[in-house]
file query20.pdb (PDB, C-alpha atoms, pLDDT in the B column)
ATOM      1  CA  MET A 212      25.781  -9.652 -48.346  1.00 42.00           C
ATOM      2  CA  ILE A 213      27.759 -11.879 -45.973  1.00 46.00           C
ATOM      3  CA  VAL A 214      26.201 -10.103 -43.003  1.00 46.00           C
ATOM      4  CA  LEU A 215      22.718 -10.782 -44.360  1.00 45.00           C
ATOM      5  CA  ILE A 216      23.439 -14.473 -44.877  1.00 43.00           C
ATOM      6  CA  SER A 217      25.035 -14.720 -41.436  1.00 42.00           C
ATOM      7  CA  SER A 218      22.015 -12.990 -39.849  1.00 42.00           C
ATOM      8  CA  MET A 219      19.650 -15.304 -41.683  1.00 41.00           C
ATOM      9  CA  TYR A 220      21.418 -18.413 -40.304  1.00 41.00           C
ATOM     10  CA  MET A 221      21.587 -16.906 -36.843  1.00 41.00           C
ATOM     11  CA  SER A 222      17.847 -16.235 -36.988  1.00 44.00           C
ATOM     12  CA  GLN A 223      17.243 -19.862 -38.020  1.00 48.00           C
ATOM     13  CA  ASP A 224      19.393 -21.053 -35.082  1.00 48.00           C
ATOM     14  CA  VAL A 225      17.446 -18.911 -32.606  1.00 49.00           C
ATOM     15  CA  THR A 226      14.147 -20.151 -34.034  1.00 51.00           C
ATOM     16  CA  ALA A 227      15.289 -23.793 -33.809  1.00 50.00           C
ATOM     17  CA  GLN A 228      16.369 -23.277 -30.187  1.00 50.00           C
ATOM     18  CA  GLN A 229      13.084 -21.558 -29.284  1.00 61.00           C
ATOM     19  CA  ASN A 230      11.093 -24.357 -30.954  1.00 77.00           C
ATOM     20  CA  LEU A 231      13.076 -26.973 -29.029  1.00 88.00           C
ATOM     21  CA  GLU A 232      12.421 -25.124 -25.760  1.00 91.00           C
ATOM     22  CA  GLN A 233       8.691 -24.958 -26.507  1.00 91.00           C
ATOM     23  CA  HIS A 234       8.552 -28.688 -27.283  1.00 93.00           C
ATOM     24  CA  PHE A 235      10.375 -29.564 -24.053  1.00 96.00           C
ATOM     25  CA  ILE A 236       8.110 -27.526 -21.739  1.00 96.00           C
ATOM     26  CA  GLY A 237       5.605 -29.678 -19.871  1.00 97.00           C
ATOM     27  CA  SER A 238       5.402 -32.979 -18.020  1.00 98.00           C
ATOM     28  CA  TRP A 239       6.708 -36.188 -19.559  1.00 98.00           C
ATOM     29  CA  GLN A 240       6.455 -39.847 -18.493  1.00 98.00           C
ATOM     30  CA  GLY A 241       8.728 -42.570 -19.801  1.00 98.00           C
ATOM     31  CA  THR A 242       9.533 -46.233 -19.642  1.00 98.00           C
ATOM     32  CA  GLY A 243      12.775 -47.951 -20.508  1.00 98.00           C
ATOM     33  CA  HIS A 244      15.846 -49.445 -18.905  1.00 97.00           C
ATOM     34  CA  LEU A 245      18.349 -48.126 -16.406  1.00 97.00           C
ATOM     35  CA  MET A 246      21.459 -49.938 -15.185  1.00 95.00           C
ATOM     36  CA  GLY A 247      20.155 -53.302 -16.361  1.00 94.00           C
ATOM     37  CA  SER A 248      16.655 -52.962 -14.858  1.00 96.00           C
ATOM     38  CA  GLU A 249      13.321 -51.882 -16.261  1.00 96.00           C
ATOM     39  CA  ALA A 250      12.534 -48.380 -15.068  1.00 97.00           C
ATOM     40  CA  THR A 251       9.966 -45.605 -15.104  1.00 98.00           C
ATOM     41  CA  PHE A 252      10.898 -41.974 -15.633  1.00 98.00           C
ATOM     42  CA  ASP A 253       9.281 -38.602 -15.028  1.00 98.00           C
ATOM     43  CA  MET A 254      10.579 -35.234 -16.143  1.00 98.00           C
ATOM     44  CA  ARG A 255       9.086 -31.781 -16.091  1.00 98.00           C
ATOM     45  CA  TRP A 256      10.466 -28.786 -17.976  1.00 98.00           C
ATOM     46  CA  GLN A 257       9.395 -25.280 -16.868  1.00 98.00           C
ATOM     47  CA  LYS A 258      10.397 -21.747 -17.789  1.00 97.00           C
ATOM     48  CA  LYS A 259      11.737 -19.930 -14.738  1.00 97.00           C
ATOM     49  CA  LEU A 260      13.126 -16.545 -13.717  1.00 97.00           C
ATOM     50  CA  GLY A 261      11.366 -14.412 -16.295  1.00 96.00           C
ATOM     51  CA  GLY A 262      11.653 -17.107 -18.964  1.00 94.00           C
ATOM     52  CA  GLN A 263      15.459 -16.829 -19.040  1.00 95.00           C
ATOM     53  CA  PHE A 264      16.024 -20.374 -17.710  1.00 97.00           C
ATOM     54  CA  LEU A 265      14.529 -23.831 -18.078  1.00 97.00           C
ATOM     55  CA  LYS A 266      14.176 -25.960 -14.962  1.00 98.00           C
ATOM     56  CA  LEU A 267      14.217 -29.738 -15.344  1.00 98.00           C
ATOM     57  CA  THR A 268      12.749 -31.737 -12.466  1.00 98.00           C
ATOM     58  CA  PHE A 269      13.600 -35.409 -12.908  1.00 98.00           C
ATOM     59  CA  GLN A 270      12.857 -38.742 -11.234  1.00 98.00           C
ATOM     60  CA  ASN A 271      13.428 -42.369 -12.118  1.00 98.00           C
ATOM     61  CA  SER A 272      12.484 -45.559 -10.333  1.00 98.00           C
ATOM     62  CA  ARG A 273      13.862 -49.053 -10.852  1.00 96.00           C
ATOM     63  CA  THR A 274      13.887 -52.312  -8.930  1.00 93.00           C
ATOM     64  CA  PRO A 275      17.134 -54.228  -9.346  1.00 91.00           C
ATOM     65  CA  GLU A 276      16.864 -58.019  -9.124  1.00 89.00           C
ATOM     66  CA  ASN A 277      16.620 -59.226  -5.492  1.00 88.00           C
ATOM     67  CA  SER A 278      16.551 -55.661  -4.190  1.00 90.00           C
ATOM     68  CA  SER A 279      14.255 -52.901  -2.991  1.00 93.00           C
ATOM     69  CA  PRO A 280      13.077 -50.168  -5.360  1.00 94.00           C
ATOM     70  CA  VAL A 281      15.605 -47.411  -6.046  1.00 95.00           C
ATOM     71  CA  ILE A 282      14.238 -43.898  -6.611  1.00 97.00           C
ATOM     72  CA  PHE A 283      16.499 -41.137  -7.934  1.00 98.00           C
ATOM     73  CA  ASN A 284      15.612 -37.419  -7.992  1.00 98.00           C
ATOM     74  CA  ALA A 285      17.382 -34.455  -9.559  1.00 98.00           C
ATOM     75  CA  ILE A 286      16.905 -30.842 -10.605  1.00 98.00           C
ATOM     76  CA  ALA A 287      18.763 -29.025 -13.374  1.00 98.00           C
ATOM     77  CA  MET A 288      18.708 -25.379 -14.355  1.00 98.00           C
ATOM     78  CA  TYR A 289      19.535 -24.617 -17.984  1.00 98.00           C
ATOM     79  CA  ARG A 290      20.161 -21.339 -19.748  1.00 97.00           C
ATOM     80  CA  PRO A 291      19.167 -22.066 -23.357  1.00 94.00           C
ATOM     81  CA  GLY A 292      21.072 -20.362 -26.137  1.00 89.00           C
ATOM     82  CA  ALA A 293      20.812 -20.477 -29.906  1.00 80.00           C
ATOM     83  CA  LYS A 294      23.231 -23.380 -30.277  1.00 85.00           C
ATOM     84  CA  GLU A 295      24.425 -24.020 -26.738  1.00 93.00           C
ATOM     85  CA  TRP A 296      22.636 -24.661 -23.443  1.00 96.00           C
ATOM     86  CA  THR A 297      24.563 -24.305 -20.185  1.00 97.00           C
ATOM     87  CA  GLY A 298      23.481 -25.195 -16.701  1.00 98.00           C
ATOM     88  CA  THR A 299      23.972 -26.985 -13.416  1.00 98.00           C
ATOM     89  CA  TRP A 300      22.688 -30.349 -12.166  1.00 98.00           C
ATOM     90  CA  PHE A 301      21.774 -31.117  -8.529  1.00 98.00           C
ATOM     91  CA  ASP A 302      20.753 -34.579  -7.327  1.00 98.00           C
ATOM     92  CA  VAL A 303      19.657 -36.567  -4.291  1.00 98.00           C
ATOM     93  CA  ARG A 304      23.203 -37.865  -3.785  1.00 96.00           C
ATOM     94  CA  GLY A 305      24.277 -34.328  -2.845  1.00 96.00           C
ATOM     95  CA  ILE A 306      26.220 -33.988  -6.094  1.00 95.00           C
ATOM     96  CA  SER A 307      26.144 -31.029  -8.448  1.00 96.00           C
ATOM     97  CA  PHE A 308      27.998 -30.584 -11.703  1.00 97.00           C
ATOM     98  CA  PRO A 309      28.082 -28.420 -14.829  1.00 98.00           C
ATOM     99  CA  LEU A 310      26.001 -29.070 -17.937  1.00 98.00           C
ATOM    100  CA  LYS A 311      26.926 -28.045 -21.455  1.00 98.00           C
ATOM    101  CA  GLY A 312      24.617 -28.924 -24.315  1.00 97.00           C
ATOM    102  CA  HIS A 313      24.319 -28.234 -27.991  1.00 95.00           C
ATOM    103  CA  VAL A 314      21.206 -28.111 -30.153  1.00 94.00           C
ATOM    104  CA  GLU A 315      20.979 -29.746 -33.546  1.00 92.00           C
ATOM    105  CA  ASP A 316      17.589 -29.912 -35.235  1.00 88.00           C
ATOM    106  CA  LYS A 317      15.249 -31.610 -32.721  1.00 93.00           C
ATOM    107  CA  THR A 318      18.010 -32.962 -30.475  1.00 95.00           C
ATOM    108  CA  LEU A 319      19.722 -31.605 -27.387  1.00 96.00           C
ATOM    109  CA  THR A 320      23.002 -33.366 -26.524  1.00 98.00           C
ATOM    110  CA  VAL A 321      24.267 -32.539 -23.023  1.00 98.00           C
ATOM    111  CA  ASP A 322      27.751 -33.325 -21.733  1.00 98.00           C
ATOM    112  CA  TRP A 323      27.676 -33.379 -17.958  1.00 98.00           C
ATOM    113  CA  GLY A 324      29.909 -33.706 -14.961  1.00 97.00           C
ATOM    114  CA  SER A 325      33.514 -33.056 -14.147  1.00 93.00           C
ATOM    115  CA  SER A 326      36.611 -35.062 -13.356  1.00 90.00           C
ATOM    116  CA  ASP A 327      35.846 -34.429  -9.651  1.00 89.00           C
ATOM    117  CA  THR A 328      32.436 -36.152  -9.817  1.00 89.00           C
ATOM    118  CA  GLU A 329      31.456 -38.233 -12.824  1.00 95.00           C
ATOM    119  CA  GLN A 330      31.124 -37.496 -16.508  1.00 98.00           C
ATOM    120  CA  GLY A 331      28.672 -38.509 -19.163  1.00 98.00           C
ATOM    121  CA  ARG A 332      26.297 -37.487 -21.890  1.00 98.00           C
ATOM    122  CA  THR A 333      22.511 -37.345 -22.208  1.00 98.00           C
ATOM    123  CA  VAL A 334      20.784 -37.092 -25.584  1.00 98.00           C
ATOM    124  CA  TYR A 335      17.209 -35.732 -25.708  1.00 98.00           C
ATOM    125  CA  ALA A 336      15.793 -36.536 -29.155  1.00 97.00           C
ATOM    126  CA  LEU A 337      12.308 -35.347 -30.099  1.00 96.00           C
ATOM    127  CA  GLN A 338      10.538 -37.744 -32.453  1.00 96.00           C
ATOM    128  CA  ASN A 339       8.117 -36.929 -35.276  1.00 95.00           C
ATOM    129  CA  ASP A 340       5.234 -38.528 -33.344  1.00 96.00           C
ATOM    130  CA  GLY A 341       5.733 -36.074 -30.440  1.00 95.00           C
ATOM    131  CA  SER A 342       7.522 -38.531 -28.161  1.00 97.00           C
ATOM    132  CA  MET A 343      11.071 -38.075 -26.897  1.00 98.00           C
ATOM    133  CA  ILE A 344      13.834 -40.654 -26.623  1.00 98.00           C
ATOM    134  CA  VAL A 345      16.366 -39.918 -23.889  1.00 98.00           C
ATOM    135  CA  THR A 346      19.614 -41.889 -23.829  1.00 98.00           C
ATOM    136  CA  ASP A 347      22.170 -41.664 -21.018  1.00 98.00           C
ATOM    137  CA  PHE A 348      25.862 -42.517 -21.250  1.00 98.00           C
ATOM    138  CA  ILE A 349      28.642 -42.620 -18.653  1.00 98.00           C
ATOM    139  CA  LEU A 350      32.216 -41.762 -19.618  1.00 97.00           C
ATOM    140  CA  GLN A 351      34.524 -44.566 -18.520  1.00 95.00           C
ATOM    141  CA  GLN A 352      38.139 -44.950 -19.599  1.00 93.00           C
ATOM    142  CA  GLY A 353      37.648 -42.523 -22.481  1.00 94.00           C
ATOM    143  CA  SER A 354      34.513 -44.203 -23.919  1.00 96.00           C
ATOM    144  CA  TYR A 355      30.816 -43.498 -23.555  1.00 97.00           C
ATOM    145  CA  THR A 356      28.804 -46.511 -22.347  1.00 97.00           C
ATOM    146  CA  GLU A 357      25.002 -46.448 -22.430  1.00 98.00           C
ATOM    147  CA  PHE A 358      23.438 -47.013 -19.002  1.00 97.00           C
ATOM    148  CA  GLY A 359      19.878 -45.873 -19.606  1.00 98.00           C
ATOM    149  CA  LYS A 360      17.331 -45.283 -22.334  1.00 98.00           C
ATOM    150  CA  ALA A 361      13.675 -44.322 -22.181  1.00 98.00           C
ATOM    151  CA  THR A 362      10.872 -43.308 -24.472  1.00 98.00           C
ATOM    152  CA  TYR A 363       8.768 -40.472 -23.045  1.00 98.00           C
ATOM    153  CA  SER A 364       5.356 -39.156 -23.925  1.00 98.00           C
ATOM    154  CA  LYS A 365       4.074 -35.755 -22.931  1.00 97.00           C
ATOM    155  CA  ASN A 366       1.005 -35.381 -20.709  1.00 91.00           C
TER
END
call {"tool": "encode", "arguments": {"input": "query20.pdb", "output": "C-alpha cells"}}
result
Amino acid sequence: MIVLISSMYMSQDVTAQQNLEQHFIGSWQGTGHLMGSEATFDMRWQKKLGGQFLKLTFQNSRTPENSSPVIFNAIAMYRPGAKEWTGTWFDVRGISFPLKGHVEDKTLTVDWGSSDTEQGRTVYALQNDGSMIVTDFILQQGSYTEFGKATYSKN
C-alpha cells in the first residue's frame, strides 16, 4: 500500500512538472523594474535536445537616470525534473554559473550562482490569468535583496 501511495504522489509531481514546462514554453514580454529603473524584459523558453532540456533565452533593457540604455542578454539550459530543475547560466558578461531550482505548484524557484561569481534567487510564478511574475534577488551578506521584478505576458 505504501508503494502505491508513493507512486501516486510521484506521478502527481511528474505531472505538475510537465504542466509547468508546458506553460513556460513560448515567448514572453514583460515590464517592471530592475536596479531602480523601469525596464522591459523578453524571455523565450524552448524544448531542446530531444525535449530533454529547456533553453531560456533572456534579455532586459533599462535606462538608468542620466545614462545610456543598458541591455543585458543571457542563455540558460535547464534539465527539468519532477521536483528539481538543474542547469547552467551564461551571460553577456562572460559569466556562467550553476542553477538549481525546485517546483512547487505553479512556481519555479531557482537558486543561482556560486561563491566565485555571484549568488541569488529568481522566482518564476505563473498566475491564474496566464501571466507570469518573475522576481530576482541577490544574496548579500546572508540576505536576499530584491533587485528586479516584472510581470510577463505570453505572445
call {"tool": "residues_around", "arguments": {"input": "query20.pdb", "residues": "A:Gln352", "least_positions_apart": "3", "cutoff": "12 Å", "atoms": "only C-alpha atoms", "output": "ChimeraX atom specification"}}
result
/A:326,329-331,349,355-356
call {"tool": "residues_around", "arguments": {"input": "query20.pdb", "residues": "stretch 237-247 of chain A", "least_positions_apart": "6", "cutoff": "10 Å", "atoms": "all atoms listed in the file", "output": "ChimeraX atom specification"}}
result
/A:253-258,267-276,342-347,357-366
call {"tool": "resolve_selection", "arguments": {"input": "query20.pdb", "expression": "the PyMOL selection byres ((chain A and resi 302-315) around 9)", "output": "count of residues only"}}
result
37
call {"tool": "atom_distance", "arguments": {"input": "query20.pdb", "atom1": "atom CA of A:Arg290", "atom2": "atom CA of A:Leu265"}}
result
6.4 Å
call {"tool": "atom_distance", "arguments": {"input": "query20.pdb", "atom1": "atom CA of A:Gly261", "atom2": "atom CA of A:Gly341"}}
result
26.5 Å
call {"tool": "atom_distance", "arguments": {"input": "query20.pdb", "atom1": "atom CA of A:Phe235", "atom2": "atom CA of A:Thr251"}}
result
18.4 Å
call {"tool": "closest_residue", "arguments": {"input": "query20.pdb", "among": "A:Leu337, A:Val281, A:Ala250, A:Leu350", "to": "A:Glu232", "atoms": "all atoms listed in the file"}}
result
A:Leu337
call {"tool": "axis_aligned_box", "arguments": {"input": "query20.pdb", "around": "stretch 335-353 of chain A", "padding_each_side": "6 Å", "output": "AutoDock Vina command-line options"}}
result
--center_x 21.7 --center_y -40.1 --center_z -26.9 --size_x 44.9 --size_y 21.6 --size_z 28.8
call {"tool": "closest_residue", "arguments": {"input": "query20.pdb", "among": "A:Lys266, A:Asn277, A:Asp340, A:Ile282", "to": "A:Phe252", "atoms": "all atoms listed in the file"}}
result
A:Ile282
call {"tool": "decode", "arguments": {"input": "query20.pdb", "residues": "stretch 253-340 of chain A", "atoms": "C-alpha atoms", "output": "PDB file, in the first residue's frame"}}
result
ATOM      1  CA  ASP A 253      11.924  39.344 -23.028  1.00  0.00           C
ATOM      2  CA  MET A 254      12.275  35.633 -22.407  1.00  0.00           C
ATOM      3  CA  ARG A 255      11.785  32.623 -24.610  1.00  0.00           C
ATOM      4  CA  TRP A 256      11.550  29.039 -23.373  1.00  0.00           C
ATOM      5  CA  GLN A 257      12.146  26.201 -25.875  1.00  0.00           C
ATOM      6  CA  LYS A 258      12.480  22.437 -25.641  1.00  0.00           C
ATOM      7  CA  LYS A 259      15.884  21.345 -26.916  1.00  0.00           C
ATOM      8  CA  LEU A 260      17.940  18.196 -27.457  1.00  0.00           C
ATOM      9  CA  GLY A 261      15.102  15.750 -27.958  1.00  0.00           C
ATOM     10  CA  GLY A 262      12.908  17.514 -25.399  1.00  0.00           C
ATOM     11  CA  GLN A 263      15.267  16.608 -22.538  1.00  0.00           C
ATOM     12  CA  PHE A 264      16.228  20.241 -21.809  1.00  0.00           C
ATOM     13  CA  LEU A 265      14.601  23.656 -21.702  1.00  0.00           C
ATOM     14  CA  LYS A 266      16.530  26.594 -23.122  1.00  0.00           C
ATOM     15  CA  LEU A 267      15.817  30.058 -21.740  1.00  0.00           C
ATOM     16  CA  THR A 268      16.879  32.989 -23.912  1.00  0.00           C
ATOM     17  CA  PHE A 269      16.639  36.204 -21.910  1.00  0.00           C
ATOM     18  CA  GLN A 270      17.071  39.946 -22.438  1.00  0.00           C
ATOM     19  CA  ASN A 271      16.321  43.041 -20.410  1.00  0.00           C
ATOM     20  CA  SER A 272      16.729  46.711 -21.198  1.00  0.00           C
ATOM     21  CA  ARG A 273      16.781  49.650 -18.804  1.00  0.00           C
ATOM     22  CA  THR A 274      17.894  53.264 -18.911  1.00  0.00           C
ATOM     23  CA  PRO A 275      19.382  54.433 -15.624  1.00  0.00           C
ATOM     24  CA  GLU A 276      18.938  58.128 -14.822  1.00  0.00           C
ATOM     25  CA  ASN A 277      21.441  60.318 -16.731  1.00  0.00           C
ATOM     26  CA  SER A 278      22.821  57.316 -18.599  1.00  0.00           C
ATOM     27  CA  SER A 279      22.631  55.409 -21.864  1.00  0.00           C
ATOM     28  CA  PRO A 280      20.389  52.357 -22.220  1.00  0.00           C
ATOM     29  CA  VAL A 281      21.770  49.143 -20.726  1.00  0.00           C
ATOM     30  CA  ILE A 282      20.891  45.884 -22.495  1.00  0.00           C
ATOM     31  CA  PHE A 283      21.613  42.534 -20.840  1.00  0.00           C
ATOM     32  CA  ASN A 284      21.450  39.142 -22.596  1.00  0.00           C
ATOM     33  CA  ALA A 285      21.701  35.613 -21.235  1.00  0.00           C
ATOM     34  CA  ILE A 286      21.022  31.980 -22.081  1.00  0.00           C
ATOM     35  CA  ALA A 287      20.267  29.188 -19.619  1.00  0.00           C
ATOM     36  CA  MET A 288      19.905  25.473 -20.191  1.00  0.00           C
ATOM     37  CA  TYR A 289      17.717  23.610 -17.706  1.00  0.00           C
ATOM     38  CA  ARG A 290      17.136  19.915 -17.198  1.00  0.00           C
ATOM     39  CA  PRO A 291      13.648  19.764 -15.666  1.00  0.00           C
ATOM     40  CA  GLY A 292      12.899  17.068 -13.129  1.00  0.00           C
ATOM     41  CA  ALA A 293       9.819  16.175 -11.130  1.00  0.00           C
ATOM     42  CA  LYS A 294      10.707  18.426  -8.204  1.00  0.00           C
ATOM     43  CA  GLU A 295      14.107  19.818  -9.133  1.00  0.00           C
ATOM     44  CA  TRP A 296      15.449  21.631 -12.196  1.00  0.00           C
ATOM     45  CA  THR A 297      19.209  21.883 -12.704  1.00  0.00           C
ATOM     46  CA  GLY A 298      21.110  23.869 -15.262  1.00  0.00           C
ATOM     47  CA  THR A 299      23.738  26.394 -16.236  1.00  0.00           C
ATOM     48  CA  TRP A 300      23.501  30.136 -16.924  1.00  0.00           C
ATOM     49  CA  PHE A 301      25.639  32.021 -19.479  1.00  0.00           C
ATOM     50  CA  ASP A 302      25.518  35.799 -19.910  1.00  0.00           C
ATOM     51  CA  VAL A 303      26.937  38.702 -21.893  1.00  0.00           C
ATOM     52  CA  ARG A 304      29.396  39.493 -19.092  1.00  0.00           C
ATOM     53  CA  GLY A 305      31.209  36.230 -19.872  1.00  0.00           C
ATOM     54  CA  ILE A 306      29.963  34.689 -16.628  1.00  0.00           C
ATOM     55  CA  SER A 307      28.450  31.247 -16.221  1.00  0.00           C
ATOM     56  CA  PHE A 308      27.156  29.620 -13.073  1.00  0.00           C
ATOM     57  CA  PRO A 309      25.055  26.691 -11.864  1.00  0.00           C
ATOM     58  CA  LEU A 310      21.281  26.784 -11.471  1.00  0.00           C
ATOM     59  CA  LYS A 311      19.270  24.686  -9.054  1.00  0.00           C
ATOM     60  CA  GLY A 312      15.517  25.102  -8.908  1.00  0.00           C
ATOM     61  CA  HIS A 313      12.579  23.477  -7.233  1.00  0.00           C
ATOM     62  CA  VAL A 314       8.977  23.270  -8.401  1.00  0.00           C
ATOM     63  CA  GLU A 315       6.028  23.913  -6.136  1.00  0.00           C
ATOM     64  CA  ASP A 316       2.584  24.156  -7.700  1.00  0.00           C
ATOM     65  CA  LYS A 317       2.854  26.842 -10.419  1.00  0.00           C
ATOM     66  CA  THR A 318       6.156  28.295  -9.198  1.00  0.00           C
ATOM     67  CA  LEU A 319       9.767  27.588 -10.073  1.00  0.00           C
ATOM     68  CA  THR A 320      12.280  28.959  -7.540  1.00  0.00           C
ATOM     69  CA  VAL A 321      15.866  28.940  -8.834  1.00  0.00           C
ATOM     70  CA  ASP A 322      18.951  29.474  -6.684  1.00  0.00           C
ATOM     71  CA  TRP A 323      21.806  30.584  -8.891  1.00  0.00           C
ATOM     72  CA  GLY A 324      25.476  31.360  -8.812  1.00  0.00           C
ATOM     73  CA  SER A 325      28.439  30.383  -6.726  1.00  0.00           C
ATOM     74  CA  SER A 326      30.752  31.996  -4.219  1.00  0.00           C
ATOM     75  CA  ASP A 327      33.202  32.550  -7.119  1.00  0.00           C
ATOM     76  CA  THR A 328      30.735  34.691  -9.105  1.00  0.00           C
ATOM     77  CA  GLU A 329      27.559  35.987  -7.504  1.00  0.00           C
ATOM     78  CA  GLN A 330      24.600  34.322  -5.863  1.00  0.00           C
ATOM     79  CA  GLY A 331      20.898  34.945  -5.904  1.00  0.00           C
ATOM     80  CA  ARG A 332      17.429  33.608  -6.455  1.00  0.00           C
ATOM     81  CA  THR A 333      14.829  34.003  -9.201  1.00  0.00           C
ATOM     82  CA  VAL A 334      11.175  33.109  -8.655  1.00  0.00           C
ATOM     83  CA  TYR A 335       9.001  32.371 -11.715  1.00  0.00           C
ATOM     84  CA  ALA A 336       5.363  32.407 -10.576  1.00  0.00           C
ATOM     85  CA  LEU A 337       2.592  31.587 -13.045  1.00  0.00           C
ATOM     86  CA  GLN A 338      -0.613  33.493 -12.326  1.00  0.00           C
ATOM     87  CA  ASN A 339      -4.209  32.333 -12.795  1.00  0.00           C
ATOM     88  CA  ASP A 340      -4.714  34.854 -15.622  1.00  0.00           C
TER      89      ASP A 340
END
